[in-house]
Amino acid sequence: MQPDDFDSPSLSRQIDQLADQCVKCGLCLPHCPTYQAELTENESPRGRIALLQALANGQLEAAPRLRAHIDHCLLCRRCERVCPSGVEYGRLFDLGQQLLEQNRRPARAVRLGLALVTRPAWLRTLARLIVLSQRSGLAELGRRLGPGRGPVLLRRGLSLPRLPWPRSLASHYPATSQKRGRVALFTGCVSAAVDSRTLSDTIAVLRYFGFEVSVPAAQQCCGALHAHGGQHAQAEQLATLNRGAFAGDFEAIIVTASGCASQLLEAALPVPVRDAVSFIAEQPWPDSLRIRAGDETVAVHEPCSAQNVLRSSGDIYPLLAHIPGLQVMPLGDNTTCCGAAGSYLLRYPAFADQLRANKLASIKDQPPDRIVTTNIGCALHLQSGLVEQHNFIPVIHPLTLLREYIEAPT
Ligand code: SF4
Ligand code: SF4
């Protein structure tokens, strides 16, 4: 296929220009999980950049093997973090997927994922069915009868940790201490359906810190799955709707999932997008807020989105240092992706599970009491891996942990 067949010369030109930033030094190679696994150039960042440039210039066709090398990328963006030339790999990847997707339909599992994230009612119904199957013992039975068998979506569903019943949020919450400002909360499609606890704990912490919290009803999915899957028009449509939903007198849009925050930064929203942990960590501690002492060890999983895109993963440590006596340590192998990576865990389950196993092996000798992470996808993936090992270490959001230790003002 020649570039003209794509009918998008400007897309090809952008890819070519971005790829030209790469000086082919190879310094990113040892940091790339797929290169480490395969040790072949085409599975490296430098190789993928060269493949996309050749595709954009018409030197290569969009053959299945080329597509496979691009699709194998976790989009962890570790390569971007370590690149001395400042290659914008994430942007290049999204444009490359856009070029590739012009002539193919996404895989069935991906199509289903894309449909679900833009239909919150469907997601909530699915979450309720999962909760019912877990509470009735059906999920456990399914796990025992068919371990490792059946479609990947079913296997992933059966291995999910126990989920809370989805709860709706109010549209407005007043501050519970002296008012400092007003923020809007981004709920996220998956978080709203399966992680209402993180959202309500984040609202509670923001209120303790003096913030009034609004939850705009018209907000939509962040569009990350669409953007990374080459569905640019749909991602832009969601961004437009979110620009309207969050237009208001807010100091910040607070996001609990670092993956969503990374995508929302691209959406040109009318108010600054802030990771919830970073936002709270930079606030002066309110005089009225008392905190209990801790007596446990907590391991911090730093999601790729927080490390390599938001560059905010370090903010968790000073925040948790407010809890006296709490032992906090980074989860082992923290600079490597856990394998969740958006829809990656559905598309490449074996490699996603291998990456997770490596990470969980790091806590075998010194298991923490709990694990905290700021990304819902990582939390579910890690917790499922622990459940499969009959290991019941909880994986929670850092603000859930903080809220537990805060003594509610009387
Ligand atoms: S992406 Fe950056 S680190 Fe990797 S080969 Fe290119 S210039 Fe070097
Ligand atoms: S984003 Fe991650 S998996 Fe993809 S090329 Fe870069 S380092 Fe490798």
# chains A, B, ... in the order shown; residues from 1 in each chain; ligands from 1
>>> closest_atom_pairs(of="chain A", to="ligand 1", cutoff="12 Å", atoms="only C-alpha atoms and all ligand atoms", output="Markdown table")
| residue | atom | partner | partner_atom_place_in_ligand_line | distance |
| --- | --- | --- | --- | --- |
| A:Leu18 | CA | ligand 1 | 1 (S) | 10.3 |
| A:Ala19 | CA | ligand 1 | 6 (Fe) | 8.3 |
| A:Asp20 | CA | ligand 1 | 6 (Fe) | 8.9 |
| A:Gln21 | CA | ligand 1 | 7 (S) | 6.7 |
| A:Cys22 | CA | ligand 1 | 6 (Fe) | 3.8 |
| A:Val23 | CA | ligand 1 | 7 (S) | 4.3 |
| A:Lys24 | CA | ligand 1 | 5 (S) | 3.7 |
| A:Cys25 | CA | ligand 1 | 8 (Fe) | 3.9 |
| A:Gly26 | CA | ligand 1 | 5 (S) | 3.8 |
| A:Leu27 | CA | ligand 1 | 3 (S) | 4.4 |
| A:Cys28 | CA | ligand 1 | 3 (S) | 4.2 |
| A:Leu29 | CA | ligand 1 | 4 (Fe) | 6.5 |
| A:Pro30 | CA | ligand 1 | 4 (Fe) | 9.7 |
| A:His31 | CA | ligand 1 | 3 (S) | 9.5 |
| A:Cys32 | CA | ligand 1 | 4 (Fe) | 9.6 |
| A:Tyr35 | CA | ligand 1 | 4 (Fe) | 11.7 |
| A:Glu41 | CA | ligand 1 | 5 (S) | 10.5 |
| A:Ser44 | CA | ligand 1 | 4 (Fe) | 8.4 |
| A:Pro45 | CA | ligand 1 | 1 (S) | 5.9 |
| A:Arg46 | CA | ligand 1 | 5 (S) | 4.6 |
| A:Gly47 | CA | ligand 1 | 5 (S) | 8.3 |
| A:Arg48 | CA | ligand 1 | 1 (S) | 9.3 |
| A:Ile49 | CA | ligand 1 | 1 (S) | 7.4 |
| A:Ala50 | CA | ligand 1 | 6 (Fe) | 9.2 |
| A:Arg77 | CA | ligand 1 | 1 (S) | 10.2 |
| A:Arg78 | CA | ligand 1 | 3 (S) | 10.0 |
| A:Cys79 | CA | ligand 1 | 4 (Fe) | 6.3 |
| A:Glu80 | CA | ligand 1 | 1 (S) | 6.7 |
| A:Arg81 | CA | ligand 1 | 3 (S) | 8.9 |
| A:Val82 | CA | ligand 1 | 3 (S) | 6.4 |
| A:Cys83 | CA | ligand 1 | 3 (S) | 3.8 |
| A:Pro84 | CA | ligand 1 | 3 (S) | 5.9 |
| A:Ser85 | CA | ligand 1 | 7 (S) | 5.0 |
| A:Gly86 | CA | ligand 1 | 2 (Fe) | 6.5 |
| A:Val87 | CA | ligand 1 | 2 (Fe) | 5.5 |
| A:Glu88 | CA | ligand 1 | 1 (S) | 8.2 |
| A:Tyr89 | CA | ligand 1 | 1 (S) | 7.1 |
| A:Gly90 | CA | ligand 1 | 1 (S) | 10.8 |
| A:Leu92 | CA | ligand 1 | 1 (S) | 10.7 |
| A:Phe93 | CA | ligand 1 | 1 (S) | 11.8 |
>>> write_last_selection(atoms="N, CA, C and O atoms", output="short mmCIF file (atom, residue, chain, number, x, y, z; two decimals), in the first residue's frame")
data_model
loop_
_atom_site.label_atom_id
_atom_site.label_comp_id
_atom_site.auth_asym_id
_atom_site.auth_seq_id
_atom_site.Cartn_x
_atom_site.Cartn_y
_atom_site.Cartn_z
N LEU A 18 8.13 13.36 12.92
CA LEU A 18 8.36 12.89 14.29
C LEU A 18 9.42 11.80 14.32
O LEU A 18 10.28 11.76 15.22
N ALA A 19 9.37 10.91 13.33
CA ALA A 19 10.34 9.81 13.29
C ALA A 19 11.75 10.34 13.04
O ALA A 19 12.74 9.74 13.48
N ASP A 20 11.85 11.45 12.33
CA ASP A 20 13.16 12.05 12.06
C ASP A 20 13.87 12.50 13.33
O ASP A 20 15.09 12.70 13.33
N GLN A 21 13.09 12.70 14.42
CA GLN A 21 13.73 13.11 15.69
C GLN A 21 14.62 12.00 16.25
O GLN A 21 15.48 12.23 17.08
N CYS A 22 14.36 10.76 15.84
CA CYS A 22 15.12 9.61 16.38
C CYS A 22 16.49 9.55 15.72
O CYS A 22 16.59 9.48 14.50
N VAL A 23 17.56 9.58 16.56
CA VAL A 23 18.92 9.52 16.01
C VAL A 23 19.45 8.09 16.02
O VAL A 23 20.63 7.84 15.78
N LYS A 24 18.57 7.14 16.36
CA LYS A 24 18.89 5.71 16.29
C LYS A 24 20.02 5.29 17.21
O LYS A 24 20.80 4.40 16.92
N CYS A 25 20.14 6.00 18.36
CA CYS A 25 21.22 5.69 19.29
C CYS A 25 21.02 4.36 20.00
O CYS A 25 21.96 3.74 20.48
N GLY A 26 19.77 3.93 20.13
CA GLY A 26 19.48 2.64 20.76
C GLY A 26 19.46 2.67 22.28
O GLY A 26 19.33 1.63 22.92
N LEU A 27 19.57 3.86 22.88
CA LEU A 27 19.59 3.94 24.35
C LEU A 27 18.27 3.48 24.97
O LEU A 27 18.22 3.09 26.14
N CYS A 28 17.18 3.53 24.19
CA CYS A 28 15.87 3.11 24.73
C CYS A 28 15.72 1.59 24.75
O CYS A 28 14.86 1.08 25.47
N LEU A 29 16.51 0.88 23.96
CA LEU A 29 16.27 -0.56 23.80
C LEU A 29 16.24 -1.35 25.11
O LEU A 29 15.32 -2.14 25.35
N PRO A 30 17.23 -1.16 26.00
CA PRO A 30 17.20 -1.98 27.23
C PRO A 30 16.02 -1.66 28.14
O PRO A 30 15.74 -2.43 29.05
N HIS A 31 15.32 -0.55 27.89
CA HIS A 31 14.18 -0.17 28.75
C HIS A 31 12.84 -0.66 28.20
O HIS A 31 11.82 -0.47 28.84
N CYS A 32 12.86 -1.25 27.02
CA CYS A 32 11.61 -1.63 26.36
C CYS A 32 11.25 -3.08 26.71
O CYS A 32 12.01 -4.01 26.41
N TYR A 35 11.23 -5.49 23.67
CA TYR A 35 12.58 -5.77 23.18
C TYR A 35 13.29 -6.74 24.13
O TYR A 35 13.95 -7.68 23.71
N GLU A 41 15.04 -6.21 16.68
CA GLU A 41 14.93 -4.78 16.43
C GLU A 41 13.47 -4.34 16.19
O GLU A 41 13.04 -3.29 16.66
N SER A 44 11.47 -3.29 19.13
CA SER A 44 12.08 -2.22 19.95
C SER A 44 11.46 -0.88 19.57
O SER A 44 10.86 -0.74 18.50
N PRO A 45 11.64 0.14 20.41
CA PRO A 45 11.12 1.48 20.05
C PRO A 45 11.77 1.98 18.75
O PRO A 45 11.06 2.46 17.85
N ARG A 46 13.10 1.82 18.65
CA ARG A 46 13.80 2.30 17.45
C ARG A 46 13.28 1.58 16.20
O ARG A 46 13.06 2.20 15.15
N GLY A 47 13.04 0.28 16.35
CA GLY A 47 12.53 -0.50 15.22
C GLY A 47 11.14 -0.05 14.83
O GLY A 47 10.82 0.09 13.64
N ARG A 48 10.28 0.17 15.82
CA ARG A 48 8.89 0.57 15.51
C ARG A 48 8.86 1.95 14.85
O ARG A 48 8.07 2.20 13.94
N ILE A 49 9.74 2.82 15.33
CA ILE A 49 9.79 4.17 14.73
C ILE A 49 10.20 4.04 13.26
O ILE A 49 9.61 4.67 12.37
N ALA A 50 11.19 3.18 12.99
CA ALA A 50 11.65 3.00 11.61
C ALA A 50 10.54 2.37 10.76
O ALA A 50 10.34 2.76 9.59
N ARG A 77 5.52 3.91 27.15
CA ARG A 77 6.26 5.16 26.93
C ARG A 77 7.51 5.28 27.79
O ARG A 77 7.97 6.38 28.07
N ARG A 78 8.01 4.14 28.21
CA ARG A 78 9.30 4.15 28.92
C ARG A 78 10.39 4.67 27.98
O ARG A 78 11.30 5.37 28.39
N CYS A 79 10.27 4.30 26.70
CA CYS A 79 11.27 4.73 25.71
C CYS A 79 11.31 6.26 25.62
O CYS A 79 12.37 6.86 25.49
N GLU A 80 10.12 6.86 25.69
CA GLU A 80 10.03 8.32 25.60
C GLU A 80 10.69 8.96 26.81
O GLU A 80 11.36 9.98 26.70
N ARG A 81 10.50 8.34 27.96
CA ARG A 81 11.06 8.88 29.21
C ARG A 81 12.58 8.90 29.17
O ARG A 81 13.22 9.82 29.68
N VAL A 82 13.17 7.84 28.58
CA VAL A 82 14.65 7.73 28.64
C VAL A 82 15.33 8.29 27.39
O VAL A 82 16.56 8.36 27.34
N CYS A 83 14.56 8.69 26.37
CA CYS A 83 15.17 9.10 25.10
C CYS A 83 15.89 10.45 25.24
O CYS A 83 15.26 11.46 25.57
N PRO A 84 17.19 10.49 24.97
CA PRO A 84 17.91 11.78 25.11
C PRO A 84 17.56 12.78 24.01
O PRO A 84 17.82 13.97 24.15
N SER A 85 16.98 12.31 22.91
CA SER A 85 16.64 13.22 21.81
C SER A 85 15.22 13.75 21.91
O SER A 85 14.77 14.50 21.03
N GLY A 86 14.49 13.32 22.92
CA GLY A 86 13.12 13.84 23.11
C GLY A 86 12.14 13.37 22.06
O GLY A 86 11.21 14.10 21.71
N VAL A 87 12.32 12.17 21.54
CA VAL A 87 11.37 11.66 20.54
C VAL A 87 9.99 11.51 21.19
O VAL A 87 9.86 10.92 22.25
N GLU A 88 8.98 12.06 20.52
CA GLU A 88 7.61 11.98 21.07
C GLU A 88 6.98 10.67 20.61
O GLU A 88 6.14 10.64 19.71
N TYR A 89 7.38 9.61 21.24
CA TYR A 89 6.96 8.28 20.81
C TYR A 89 5.44 8.10 20.90
O TYR A 89 4.82 7.52 20.02
N GLY A 90 4.85 8.58 22.02
CA GLY A 90 3.41 8.38 22.21
C GLY A 90 2.61 9.01 21.08
O GLY A 90 1.67 8.42 20.55
N LEU A 92 3.72 9.77 18.06
CA LEU A 92 4.05 9.04 16.83
C LEU A 92 3.24 7.74 16.74
O LEU A 92 2.69 7.40 15.69
N PHE A 93 3.15 7.04 17.86
CA PHE A 93 2.42 5.77 17.89
C PHE A 93 0.94 5.99 17.55
O PHE A 93 0.36 5.27 16.73
#
>>> residues_around(residues="Asp195 in chain A", least_positions_apart="6", cutoff="8 Å", atoms="only C-alpha atoms", output="ChimeraX atom specification")
/A:163-164,166,376
>>> residues_around(residues="Val183 in chain A", least_positions_apart="5", cutoff="7 Å", atoms="only C-alpha atoms", output="PDB file with all heavy atoms, in the first residue's frame")
ATOM      1  N   PHE A 211     -12.168  21.533  49.656  1.00  0.00           N
ATOM      2  CA  PHE A 211     -12.640  21.741  48.275  1.00  0.00           C
ATOM      3  C   PHE A 211     -14.089  21.303  48.110  1.00  0.00           C
ATOM      4  O   PHE A 211     -14.501  20.255  48.607  1.00  0.00           O
ATOM      5  CB  PHE A 211     -11.740  20.987  47.277  1.00  0.00           C
ATOM      6  CG  PHE A 211     -10.393  21.612  47.148  1.00  0.00           C
ATOM      7  CD1 PHE A 211      -9.325  21.148  47.901  1.00  0.00           C
ATOM      8  CD2 PHE A 211     -10.204  22.715  46.327  1.00  0.00           C
ATOM      9  CE1 PHE A 211      -8.084  21.754  47.821  1.00  0.00           C
ATOM     10  CE2 PHE A 211      -8.968  23.331  46.238  1.00  0.00           C
ATOM     11  CZ  PHE A 211      -7.900  22.847  46.989  1.00  0.00           C
ATOM     12  N   GLU A 212     -14.799  22.149  47.393  1.00  0.00           N
ATOM     13  CA  GLU A 212     -16.142  21.814  46.960  1.00  0.00           C
ATOM     14  C   GLU A 212     -15.952  20.958  45.706  1.00  0.00           C
ATOM     15  O   GLU A 212     -15.097  21.273  44.866  1.00  0.00           O
ATOM     16  CB  GLU A 212     -16.767  23.153  46.542  1.00  0.00           C
ATOM     17  CG  GLU A 212     -18.214  23.310  46.750  1.00  0.00           C
ATOM     18  CD  GLU A 212     -18.613  24.711  46.299  1.00  0.00           C
ATOM     19  OE1 GLU A 212     -18.268  25.686  47.009  1.00  0.00           O
ATOM     20  OE2 GLU A 212     -19.223  24.826  45.226  1.00  0.00           O
ATOM     21  N   VAL A 213     -16.713  19.878  45.576  1.00  0.00           N
ATOM     22  CA  VAL A 213     -16.480  18.969  44.438  1.00  0.00           C
ATOM     23  C   VAL A 213     -17.742  18.863  43.585  1.00  0.00           C
ATOM     24  O   VAL A 213     -18.816  18.528  44.092  1.00  0.00           O
ATOM     25  CB  VAL A 213     -16.088  17.557  44.931  1.00  0.00           C
ATOM     26  CG1 VAL A 213     -15.751  16.644  43.744  1.00  0.00           C
ATOM     27  CG2 VAL A 213     -14.910  17.623  45.902  1.00  0.00           C
ATOM     28  N   SER A 214     -17.603  19.141  42.280  1.00  0.00           N
ATOM     29  CA  SER A 214     -18.709  18.938  41.338  1.00  0.00           C
ATOM     30  C   SER A 214     -18.422  17.714  40.491  1.00  0.00           C
ATOM     31  O   SER A 214     -17.255  17.445  40.154  1.00  0.00           O
ATOM     32  CB  SER A 214     -18.854  20.139  40.401  1.00  0.00           C
ATOM     33  OG  SER A 214     -19.365  21.226  41.127  1.00  0.00           O
ATOM     34  N   PHE A 250     -13.975  26.077  37.719  1.00  0.00           N
ATOM     35  CA  PHE A 250     -13.275  25.078  38.526  1.00  0.00           C
ATOM     36  C   PHE A 250     -11.783  25.415  38.569  1.00  0.00           C
ATOM     37  O   PHE A 250     -11.208  25.862  37.578  1.00  0.00           O
ATOM     38  CB  PHE A 250     -13.431  23.677  37.919  1.00  0.00           C
ATOM     39  CG  PHE A 250     -14.856  23.249  37.733  1.00  0.00           C
ATOM     40  CD1 PHE A 250     -15.351  22.950  36.461  1.00  0.00           C
ATOM     41  CD2 PHE A 250     -15.709  23.150  38.817  1.00  0.00           C
ATOM     42  CE1 PHE A 250     -16.657  22.563  36.281  1.00  0.00           C
ATOM     43  CE2 PHE A 250     -17.032  22.753  38.645  1.00  0.00           C
ATOM     44  CZ  PHE A 250     -17.503  22.461  37.370  1.00  0.00           C
ATOM     45  N   GLU A 251     -11.181  25.103  39.710  1.00  0.00           N
ATOM     46  CA  GLU A 251      -9.728  25.302  39.829  1.00  0.00           C
ATOM     47  C   GLU A 251      -8.978  24.220  39.057  1.00  0.00           C
ATOM     48  O   GLU A 251      -7.904  24.452  38.508  1.00  0.00           O
ATOM     49  CB  GLU A 251      -9.374  25.204  41.309  1.00  0.00           C
ATOM     50  CG  GLU A 251      -7.994  25.675  41.637  1.00  0.00           C
ATOM     51  CD  GLU A 251      -7.858  25.790  43.143  1.00  0.00           C
ATOM     52  OE1 GLU A 251      -8.717  26.428  43.796  1.00  0.00           O
ATOM     53  OE2 GLU A 251      -6.898  25.243  43.657  1.00  0.00           O
ATOM     54  N   ALA A 252      -9.554  23.011  39.072  1.00  0.00           N
ATOM     55  CA  ALA A 252      -8.890  21.891  38.395  1.00  0.00           C
ATOM     56  C   ALA A 252      -9.903  20.789  38.123  1.00  0.00           C
ATOM     57  O   ALA A 252     -10.958  20.733  38.763  1.00  0.00           O
ATOM     58  CB  ALA A 252      -7.769  21.332  39.275  1.00  0.00           C
ATOM     59  N   ILE A 253      -9.550  19.935  37.149  1.00  0.00           N
ATOM     60  CA  ILE A 253     -10.319  18.704  36.932  1.00  0.00           C
ATOM     61  C   ILE A 253      -9.498  17.596  37.587  1.00  0.00           C
ATOM     62  O   ILE A 253      -8.351  17.334  37.190  1.00  0.00           O
ATOM     63  CB  ILE A 253     -10.509  18.424  35.425  1.00  0.00           C
ATOM     64  CG1 ILE A 253     -11.314  19.558  34.788  1.00  0.00           C
ATOM     65  CG2 ILE A 253     -11.199  17.081  35.207  1.00  0.00           C
ATOM     66  CD1 ILE A 253     -11.262  19.574  33.273  1.00  0.00           C
ATOM     67  N   ILE A 254     -10.060  16.965  38.593  1.00  0.00           N
ATOM     68  CA  ILE A 254      -9.338  15.970  39.372  1.00  0.00           C
ATOM     69  C   ILE A 254      -9.604  14.586  38.792  1.00  0.00           C
ATOM     70  O   ILE A 254     -10.761  14.191  38.622  1.00  0.00           O
ATOM     71  CB  ILE A 254      -9.781  16.002  40.860  1.00  0.00           C
ATOM     72  CG1 ILE A 254      -9.627  17.417  41.420  1.00  0.00           C
ATOM     73  CG2 ILE A 254      -9.043  14.966  41.678  1.00  0.00           C
ATOM     74  CD1 ILE A 254      -8.205  17.919  41.489  1.00  0.00           C
TER      75      ILE A 254
END
>>> closest_residue(among="A:Ala267, A:Ile406, A:Val255, A:Ile203", to="Trp285 in chain A", atoms="only C-alpha atoms")
A:Ile406
>>> closest_residue(among="A:Thr335, A:Ser168, A:Pro286, A:Gln17", to="Ala121 in chain A", atoms="only C-alpha atoms")
A:Ser168
>>> select_by_dssp(residues="range 70-281 of chain A", states="helix (DSSP H, G or I)", output="VMD selection string")
chain A and resid 70 to 71 78 to 82 89 to 101 108 to 117 120 to 136 138 to 145 152 to 158 189 to 194 196 to 208 224 to 228 232 to 245 258 to 267 276 to 281
>>> closest_residue(among="A:Ser362, A:Thr125, A:Ser305, A:Ser262", to="ligand 2", atoms="only C-alpha atoms and all ligand atoms")
A:Ser305
>>> select_by_dssp(residues="range 113-220 of chain A", states="strand (DSSP E)", output="tab-separated table (two decimals) with N, CA and C atoms, in the first residue's frame")
chain	number	residue	atom	x	y	z
A	172	HIS	N	-22.94	17.29	43.34
A	172	HIS	CA	-22.23	18.35	44.07
A	172	HIS	C	-21.98	17.93	45.52
A	173	TYR	N	-20.77	18.23	46.01
A	173	TYR	CA	-20.42	17.94	47.41
A	173	TYR	C	-19.77	19.19	48.01
A	181	GLY	N	-11.43	26.12	47.62
A	181	GLY	CA	-11.69	26.24	46.18
A	181	GLY	C	-12.72	25.25	45.71
A	182	ARG	N	-12.87	25.21	44.39
A	182	ARG	CA	-13.89	24.34	43.80
A	182	ARG	C	-13.24	23.54	42.67
A	183	VAL	N	-13.47	22.24	42.69
A	183	VAL	CA	-12.89	21.39	41.65
A	183	VAL	C	-13.99	20.53	41.02
A	184	ALA	N	-13.67	19.98	39.84
A	184	ALA	CA	-14.58	19.03	39.18
A	184	ALA	C	-13.92	17.66	39.22
A	185	LEU	N	-14.71	16.62	39.39
A	185	LEU	CA	-14.17	15.26	39.42
A	185	LEU	C	-14.46	14.55	38.11
A	186	PHE	N	-13.41	14.00	37.51
A	186	PHE	CA	-13.58	13.13	36.34
A	186	PHE	C	-13.74	11.72	36.87
A	211	PHE	N	-12.17	21.53	49.66
A	211	PHE	CA	-12.64	21.74	48.28
A	211	PHE	C	-14.09	21.30	48.11
A	212	GLU	N	-14.80	22.15	47.39
A	212	GLU	CA	-16.14	21.81	46.96
A	212	GLU	C	-15.95	20.96	45.71
A	213	VAL	N	-16.71	19.88	45.58
A	213	VAL	CA	-16.48	18.97	44.44
A	213	VAL	C	-17.74	18.86	43.58
A	214	SER	N	-17.60	19.14	42.28
A	214	SER	CA	-18.71	18.94	41.34
A	214	SER	C	-18.42	17.71	40.49
>>> closest_residue(among="A:Thr336, A:Gln14, A:Ser278, A:Gln283", to="ligand 2", atoms="only C-alpha atoms and all ligand atoms")
A:Thr336
>>> closest_residue(among="A:Pro368, A:Gly223, A:Gly137, A:Gly142", to="Cys260 in chain A", atoms="only C-alpha atoms")
A:Gly223
